[in-house]
$ cat upload.tsv   # TSV, C-alpha atoms
chain	number	residue	atom	x	y	z
A	1	MET	CA	0.00	0.00	0.00
A	2	ASN	CA	1.72	3.15	-1.19
A	3	ALA	CA	0.02	5.66	1.00
A	4	CYS	CA	2.59	8.21	1.09
A	5	PRO	CA	1.80	11.49	-0.78
A	6	VAL	CA	4.12	13.11	-3.31
A	7	LEU	CA	5.93	16.11	-1.80
A	8	LEU	CA	5.49	18.85	-4.39
A	9	ALA	CA	8.28	20.99	-3.01
A	10	LEU	CA	9.51	24.46	-3.60
A	11	VAL	CA	12.62	26.10	-5.08
A	12	LEU	CA	14.72	23.08	-6.08
A	13	THR	CA	18.27	22.57	-7.29
A	14	PRO	CA	20.33	19.42	-7.98
A	15	VAL	CA	21.49	17.80	-4.74
A	16	ALA	CA	24.63	15.92	-3.83
A	17	ALA	CA	23.23	13.15	-1.59
A	18	ILE	CA	23.97	9.67	-2.94
A	19	ALA	CA	20.78	7.73	-3.69
A	20	GLU	CA	20.43	3.98	-3.94
A	21	GLN	CA	18.06	1.34	-5.28
A	22	VAL	CA	16.26	-0.61	-2.55
A	23	PRO	CA	16.64	-4.42	-2.67
A	24	VAL	CA	13.50	-6.58	-2.73
A	25	ARG	CA	13.13	-8.27	0.65
A	26	HIS	CA	9.33	-8.61	0.64
A	27	ARG	CA	7.56	-9.16	-2.68
A	28	GLU	CA	4.38	-7.23	-3.36
A	29	GLY	CA	1.06	-8.94	-4.11
A	30	ARG	CA	-2.60	-8.19	-4.66
A	31	VAL	CA	-4.11	-5.43	-2.48
A	32	HIS	CA	-7.50	-3.74	-2.16
A	33	GLY	CA	-7.36	-1.45	0.85
A	34	PHE	CA	-9.64	1.29	2.16
A	35	LEU	CA	-8.21	4.57	3.42
A	36	VAL	CA	-9.33	7.76	5.12
A	37	LEU	CA	-7.69	11.19	5.03
A	38	ARG	CA	-7.90	13.39	8.14
A	39	ASP	CA	-6.72	16.89	9.02
A	40	GLN	CA	-4.92	17.94	12.20
A	41	ASP	CA	-8.26	18.32	14.00
A	42	ASP	CA	-9.09	14.66	13.21
A	43	LYS	CA	-11.78	15.70	10.75
A	44	ILE	CA	-12.25	13.45	7.71
A	45	VAL	CA	-11.42	15.39	4.55
A	46	ALA	CA	-11.46	12.58	1.95
A	47	SER	CA	-12.06	8.86	1.46
A	48	GLY	CA	-9.58	6.76	-0.44
A	49	SER	CA	-8.44	3.39	-1.66
A	50	SER	CA	-5.25	1.54	-2.50
A	51	LEU	CA	-5.36	-0.98	-5.35
A	52	GLN	CA	-2.50	-3.20	-6.41
A	53	SER	CA	-2.05	-6.16	-8.74
A	54	THR	CA	0.94	-8.15	-9.98
A	55	ARG	CA	1.89	-9.99	-13.14
A	56	GLY	CA	5.23	-11.73	-12.87
A	57	ASN	CA	7.69	-9.14	-11.56
A	58	ARG	CA	5.48	-6.26	-12.71
A	59	VAL	CA	3.40	-4.43	-10.08
A	60	THR	CA	0.59	-1.98	-10.88
A	61	SER	CA	-0.44	0.29	-8.01
A	62	GLU	CA	-3.05	3.04	-7.64
A	63	LEU	CA	-3.71	5.33	-4.70
A	64	SER	CA	-6.70	7.67	-4.86
A	65	PHE	CA	-8.56	10.11	-2.61
A	66	HIS	CA	-11.96	11.62	-3.39
A	67	PHE	CA	-12.97	14.84	-1.64
A	68	PRO	CA	-16.57	15.96	-0.93
A	69	ASP	CA	-16.24	18.95	-3.30
A	70	GLY	CA	-15.26	16.69	-6.20
A	71	SER	CA	-11.50	17.22	-5.91
A	72	LEU	CA	-9.28	14.23	-6.72
A	73	HIS	CA	-5.80	13.08	-5.78
A	74	GLN	CA	-4.70	10.01	-7.74
A	75	GLU	CA	-1.29	8.36	-8.07
A	76	SER	CA	-0.74	5.48	-10.50
A	77	SER	CA	2.56	3.64	-10.80
A	78	VAL	CA	3.98	0.57	-12.47
A	79	PHE	CA	7.22	-0.83	-11.07
A	80	LEU	CA	9.35	-3.95	-11.31
A	81	GLN	CA	10.39	-6.12	-8.38
A	82	GLY	CA	13.41	-8.13	-9.47
A	83	ARG	CA	16.58	-7.94	-7.42
A	84	THR	CA	15.73	-4.32	-6.64
A	85	PHE	CA	12.64	-2.14	-7.05
A	86	GLN	CA	12.60	-0.08	-10.24
A	87	LEU	CA	9.94	2.36	-11.42
A	88	ALA	CA	8.60	1.97	-14.97
A	89	THR	CA	5.82	4.57	-15.26
A	90	TYR	CA	4.10	7.04	-12.97
A	91	ARG	CA	1.24	9.51	-13.11
A	92	LEU	CA	-0.07	12.02	-10.55
A	93	ILE	CA	-3.38	13.83	-10.96
A	94	GLN	CA	-4.47	16.56	-8.55
A	95	LYS	CA	-7.55	18.51	-9.56
A	96	GLY	CA	-10.44	20.39	-8.01
A	97	PRO	CA	-10.86	23.30	-5.55
A	98	VAL	CA	-8.76	21.63	-2.82
A	99	PHE	CA	-5.56	22.00	-4.88
A	100	ARG	CA	-4.18	25.49	-5.38
A	101	ARG	CA	-2.43	24.47	-8.58
A	102	PRO	CA	-4.18	21.56	-10.35
A	103	THR	CA	-1.48	19.32	-11.81
A	104	ASP	CA	-1.16	16.31	-14.10
A	105	LEU	CA	2.37	14.84	-13.99
A	106	SER	CA	3.43	11.73	-15.91
A	107	LEU	CA	6.78	10.06	-16.55
A	108	ASN	CA	8.23	7.10	-18.40
A	109	ALA	CA	11.40	5.97	-16.65
A	110	SER	CA	12.81	4.03	-19.61
A	111	THR	CA	12.51	6.85	-22.16
A	112	GLY	CA	12.95	9.76	-19.75
A	113	GLN	CA	9.82	11.44	-21.11
A	114	VAL	CA	8.20	13.74	-18.54
A	115	ASN	CA	4.98	15.68	-19.09
A	116	VAL	CA	3.45	18.24	-16.75
A	117	GLN	CA	0.14	20.01	-17.27
A	118	TYR	CA	-0.88	22.56	-14.66
A	119	THR	CA	-3.17	25.52	-14.10
A	120	ASP	CA	-1.41	28.80	-13.28
A	121	GLU	CA	-2.61	31.60	-10.99
A	122	ASP	CA	-4.55	33.19	-13.86
A	123	GLY	CA	-6.48	29.98	-14.52
A	124	LYS	CA	-4.58	29.23	-17.74
A	125	THR	CA	-3.52	25.68	-18.60
A	126	LYS	CA	0.21	25.29	-19.24
A	127	THR	CA	2.03	22.23	-20.58
A	128	ILE	CA	5.68	21.23	-20.14
A	129	SER	CA	7.19	18.29	-22.03
A	130	GLU	CA	10.81	17.27	-21.49
A	131	ARG	CA	13.22	14.39	-21.95
A	132	MET	CA	15.19	13.96	-18.73
A	133	LYS	CA	17.92	11.65	-17.52
A	134	LEU	CA	16.01	9.80	-14.81
A	135	PRO	CA	17.88	7.80	-12.15
A	136	ALA	CA	17.18	4.11	-11.52
A	137	ASP	CA	16.19	4.76	-7.89
A	138	LEU	CA	13.08	6.88	-8.60
A	139	ALA	CA	10.59	6.38	-5.76
A	140	ASN	CA	7.45	8.05	-7.18
A	141	GLY	CA	4.36	6.09	-6.20
A	142	MET	CA	6.28	3.45	-4.23
A	143	VAL	CA	7.71	5.12	-1.12
A	144	THR	CA	5.71	2.96	1.29
A	145	THR	CA	6.72	-0.21	-0.57
A	146	LEU	CA	10.35	0.84	-0.18
A	147	LEU	CA	9.81	1.37	3.56
A	148	TYR	CA	8.76	-2.27	3.86
A	149	ASN	CA	12.11	-3.28	2.39
A	150	ILE	CA	14.81	-0.91	3.61
A	151	ASP	CA	17.13	-1.94	6.41
A	152	ALA	CA	15.49	-0.64	9.59
A	153	LYS	CA	18.94	-0.43	11.21
A	154	ALA	CA	20.32	1.86	8.51
A	155	PRO	CA	20.56	5.44	9.86
A	156	LYS	CA	19.54	6.89	6.49
A	157	THR	CA	18.31	5.66	3.12
A	158	VAL	CA	18.34	8.09	0.18
A	159	VAL	CA	16.20	7.73	-2.96
A	160	SER	CA	15.23	10.05	-5.81
A	161	MET	CA	11.86	11.60	-6.64
A	162	LEU	CA	10.58	13.68	-9.53
A	163	VAL	CA	8.38	16.62	-8.51
A	164	ALA	CA	6.57	19.38	-10.41
A	165	THR	CA	7.26	22.91	-9.19
A	166	PRO	CA	5.66	23.34	-11.84
A	167	LYS	CA	8.80	22.61	-13.88
A	168	PRO	CA	9.81	18.95	-13.35
A	169	ARG	CA	12.77	18.61	-10.99
A	170	LEU	CA	14.66	15.76	-9.35
A	171	VAL	CA	15.05	15.84	-5.57
A	172	LYS	CA	16.35	13.42	-2.98
A	173	LEU	CA	14.29	11.89	-0.21
A	174	GLU	CA	16.19	11.14	2.99
A	175	ILE	CA	14.46	8.36	4.93
A	176	SER	CA	15.46	7.86	8.57
A	177	PRO	CA	14.04	5.65	11.32
A	178	ALA	CA	12.83	7.68	14.31
A	179	GLY	CA	11.98	5.08	16.94
A	180	GLU	CA	8.89	3.06	17.81
A	181	ASP	CA	5.41	4.37	18.66
A	182	SER	CA	2.56	2.44	20.25
A	183	PHE	CA	-0.91	1.87	18.81
A	184	THR	CA	-3.79	-0.49	19.52
A	185	VAL	CA	-6.03	-2.80	17.50
A	186	ALA	CA	-9.23	-3.91	19.28
A	187	GLY	CA	-7.57	-3.10	22.59
A	188	ALA	CA	-4.38	-5.04	21.88
A	189	GLY	CA	-1.18	-3.03	22.14
A	190	LEU	CA	1.25	-3.05	19.22
A	191	LYS	CA	4.27	-1.03	18.10
A	192	ALA	CA	5.11	0.56	14.75
A	193	LEU	CA	8.42	1.90	13.51
A	194	ARG	CA	8.16	5.57	12.61
A	195	TYR	CA	10.12	6.83	9.59
A	196	VAL	CA	10.83	10.47	8.81
A	197	VAL	CA	10.97	11.35	5.09
A	198	LYS	CA	12.78	14.61	4.39
A	199	VAL	CA	13.06	16.41	1.07
A	200	ASP	CA	16.72	17.36	0.52
A	201	ILE	CA	16.69	20.59	-1.48
A	202	GLY	CA	20.47	20.94	-1.36
A	203	GLY	CA	22.80	23.67	-2.57
A	204	ILE	CA	22.30	27.35	-1.77
A	205	SER	CA	18.53	26.89	-1.97
A	206	GLY	CA	18.74	24.31	0.81
A	207	VAL	CA	20.52	26.79	3.08
A	208	ILE	CA	18.12	29.64	2.36
A	209	ALA	CA	14.87	27.65	2.35
A	210	PRO	CA	14.46	27.26	6.16
A	211	LEU	CA	15.12	30.99	6.60
A	212	VAL	CA	12.37	32.03	4.19
A	213	GLY	CA	9.86	29.34	5.11
A	214	LYS	CA	10.36	27.35	1.93
A	215	GLN	CA	11.69	24.08	3.39
A	216	PRO	CA	8.82	21.60	3.02
A	217	PRO	CA	7.78	19.88	6.26
A	218	ASN	CA	8.82	16.30	6.76
A	219	THR	CA	6.48	13.41	6.09
A	220	GLN	CA	6.17	10.72	8.76
A	221	VAL	CA	5.19	7.13	8.01
A	222	TRP	CA	4.44	4.40	10.56
A	223	ILE	CA	5.20	0.80	9.52
A	224	ILE	CA	4.58	-2.39	11.47
A	225	GLY	CA	7.51	-4.74	11.03
A	226	GLY	CA	8.04	-8.48	11.20
A	227	THR	CA	7.84	-11.10	8.45
A	228	ALA	CA	4.97	-9.23	6.76
A	229	PRO	CA	5.53	-5.46	7.14
A	230	GLY	CA	2.43	-3.32	6.81
A	231	PHE	CA	1.29	0.31	6.61
A	232	VAL	CA	-0.21	1.85	9.76
A	233	LYS	CA	-0.51	5.56	8.91
A	234	SER	CA	1.34	8.54	7.43
A	235	GLU	CA	1.26	12.29	7.94
A	236	GLY	CA	2.50	14.99	5.60
A	237	PRO	CA	1.60	17.59	2.94
A	238	PHE	CA	0.06	16.70	-0.42
A	239	PHE	CA	1.13	19.89	-2.23
A	240	GLN	CA	3.25	23.03	-1.84
A	241	ASP	CA	2.28	25.03	1.25
A	242	GLY	CA	-0.53	22.52	1.86
A	243	PRO	CA	-1.77	21.41	5.28
A	244	LEU	CA	-0.54	18.29	7.04
A	245	TRP	CA	-2.97	15.45	6.36
A	246	ARG	CA	-2.99	12.03	7.95
A	247	ILE	CA	-3.65	8.85	5.96
A	248	GLU	CA	-5.10	5.95	7.97
A	249	LEU	CA	-6.53	2.54	7.21
A	250	ALA	CA	-10.32	2.32	7.19
A	251	SER	CA	-12.70	-0.58	7.72
A	252	PRO	CA	-15.93	-1.07	5.75
A	253	VAL	CA	-19.12	-0.42	7.73
A	254	SER	CA	-22.17	-2.45	6.76
A	255	PRO	CA	-25.71	-1.15	7.23
A	256	GLN	CA	-27.45	-2.56	10.29
A	257	ALA	CA	-29.82	-5.37	9.50
A	258	ARG	CA	-33.45	-4.67	10.30
A	259	PRO	CA	-34.89	-6.80	13.12
A	260	ALA	CA	-37.03	-9.68	11.95
A	261	ARG	CA	-40.75	-8.95	11.95
A	262	LYS	CA	-42.80	-10.96	14.43
A	263	GLU	CA	-45.65	-12.89	12.89
$ encode --input "upload.tsv" --output "structure tokens"
Amino acid sequence: MNACPVLLALVLTPVAAIAEQVPVRHREGRVHGFLVLRDQDDKIVASGSSLQSTRGNRVTSELSFHFPDGSLHQESSVFLQGRTFQLATYRLIQKGPVFRRPTDLSLNASTGQVNVQYTDEDGKTKTISERMKLPADLANGMVTTLLYNIDAKAPKTVVSMLVATPKPRLVKLEISPAGEDSFTVAGAGLKALRYVVKVDIGGISGVIAPLVGKQPPNTQVWIIGGTAPGFVKSEGPFFQDGPLWRIELASPVSPQARPARKE
């Protein structure tokens, strides 16, 4: 379940951190999960789902959130799980009143083709199409999958991500374990490992960004470990200068059955 939102960050420059492909320790399978998106006041702002299917080493994943006003956040990715995880294609759609700059970002990792369509402040639709040299460790649409597989004892894991600002840019994500937190399921106490995901802007921009309020806030993701790692929740922004939203698992609720009529 790749329930970790894309960090559409700010003023970006190439960074020097060394990224790496994550080895496959736990193979992905078929998933149909239900999600809920909450704000910092615990109010539900959107309902969502996580769908995933596999064919050989090829995994197709889709994460979507539908908002009451008709807004949509949808991430679709196809990646390979051989010796390491490798992204093949990715698409992000954010549209509707919730998003200050509606965006449609797509990439093909093998050809390097990147397309961005966005709406500017004047309401005009702009399109950017570029061929880029994309690294093999791109993590778009598969951050949570990578968290299942990274070495929990490693102090830091660095991967790459393509973001739209609106011009497409490559950034580094620094993933660090930050200890264990407790949670409960039906009254039973459990523990999840909390990861902090930081966008490394780098260069002069990275020095200036915290001073001018442009450093994007970190995203936090809670993962339950063991032989079958699983997603617990995540918290972070969905877009530039956006609020912190929390993604949680949701359970279906069936309508109550009517009591049987007495004859």
$ atom_distance --input "upload.tsv" --atom1 "CA of Ala188 (chain A)" --atom2 "CA of Ala228 (chain A)"
18.3 Å
$ closest_residue --input "upload.tsv" --among "A:Pro177, A:Gly96, A:Gly236, A:Gly33" --to "Ser61 (chain A)" --atoms "all atoms listed in the file"
A:Gly33
$ closest_residue --input "upload.tsv" --among "A:Val159, A:Ile224, A:Val232, A:Ile150" --to "Lys198 (chain A)" --atoms "all atoms listed in the file"
A:Val159
$ atom_distance --input "upload.tsv" --atom1 "CA of Glu248 (chain A)" --atom2 "CA of Thr103 (chain A)"
24.1 Å
$ closest_residue --input "upload.tsv" --among "A:Leu190, A:Val116, A:Val36, A:Val197" --to "Leu147 (chain A)" --atoms "all atoms listed in the file"
A:Val197
$ residues_around --input "upload.tsv" --residues "Ser53 (chain A)" --least-positions-apart "5" --cutoff "8 Å" --atoms "all atoms listed in the file" --output "short mmCIF file (atom, residue, chain, number, x, y, z; two decimals) with C-alpha atoms, in the coordinates of the input"
data_model
loop_
_atom_site.label_atom_id
_atom_site.label_comp_id
_atom_site.auth_asym_id
_atom_site.auth_seq_id
_atom_site.Cartn_x
_atom_site.Cartn_y
_atom_site.Cartn_z
CA GLY A 29 1.06 -8.94 -4.11
CA ARG A 30 -2.60 -8.19 -4.66
CA VAL A 31 -4.11 -5.43 -2.48
CA VAL A 59 3.40 -4.43 -10.08
CA THR A 60 0.59 -1.98 -10.88
CA SER A 61 -0.44 0.29 -8.01
#
$ residues_near_point --input "upload.tsv" --point "(11.8, -4.7, 0.7)" --cutoff "6 Å" --atoms "all atoms listed in the file" --output "ChimeraX atom specification"
/A:23-26,146,148-150
$ residues_around --input "upload.tsv" --residues "region 180-182 of chain A" --least-positions-apart "6" --cutoff "7 Å" --atoms "all atoms listed in the file" --output "PyMOL selection string"
chain A and resi 189-194
$ write_last_selection --input "upload.tsv" --atoms "C-alpha atoms" --output "compact mmCIF listing (two decimals), keeping the file's coordinate frame"
# COMPACT_ATOMS: atom_id res chain seq x y z
CA GLY A 189 -1.18 -3.03 22.14
CA LEU A 190 1.25 -3.05 19.22
CA LYS A 191 4.27 -1.03 18.10
CA ALA A 192 5.11 0.56 14.75
CA LEU A 193 8.42 1.90 13.51
CA ARG A 194 8.16 5.57 12.61
$ residues_around --input "upload.tsv" --residues "Gly82 (chain A)" --least-positions-apart "4" --cutoff "10 Å" --atoms "all atoms listed in the file" --output "list in words"
Pro23, Val24, Arg27, Gly56, Asn57, Arg58 and Gln86 of chain A
$ atom_distance --input "upload.tsv" --atom1 "CA of Ser176 (chain A)" --atom2 "CA of Gln94 (chain A)"
27.7 Å
$ closest_residue --input "upload.tsv" --among "A:Lys43, A:Lys133, A:Arg83, A:His73" --to "Lys95 (chain A)" --atoms "all atoms listed in the file"
A:His73
$ closest_residue --input "upload.tsv" --among "A:Ser234, A:Thr219, A:Thr145, A:Gln113" --to "Ile175 (chain A)" --atoms "only C-alpha atoms"
A:Thr219
$ residues_near_point --input "upload.tsv" --point "(5.1, 1.2, -9.5)" --cutoff "12 Å" --atoms "all atoms listed in the file" --output "VMD selection string"
chain A and resid 1 to 2 28 51 to 54 57 to 63 75 to 81 85 to 91 107 to 109 137 to 146
$ closest_residue --input "upload.tsv" --among "A:Thr227, A:Leu92, A:Arg101, A:Pro135" --to "Val163 (chain A)" --atoms "only C-alpha atoms"
A:Leu92
$ residues_around --input "upload.tsv" --residues "Phe238 (chain A)" --least-positions-apart "3" --cutoff "12 Å" --atoms "all atoms listed in the file" --output "PyMOL selection string"
chain A and resi 3-9+37+39+65+72-75+92-94+98-103+163+216-219+234-235+241-247
$ residues_around --input "upload.tsv" --residues "Asp200 (chain A)" --least-positions-apart "5" --cutoff "7 Å" --atoms "all atoms listed in the file" --output "number ranges by chain"
A: 171-174
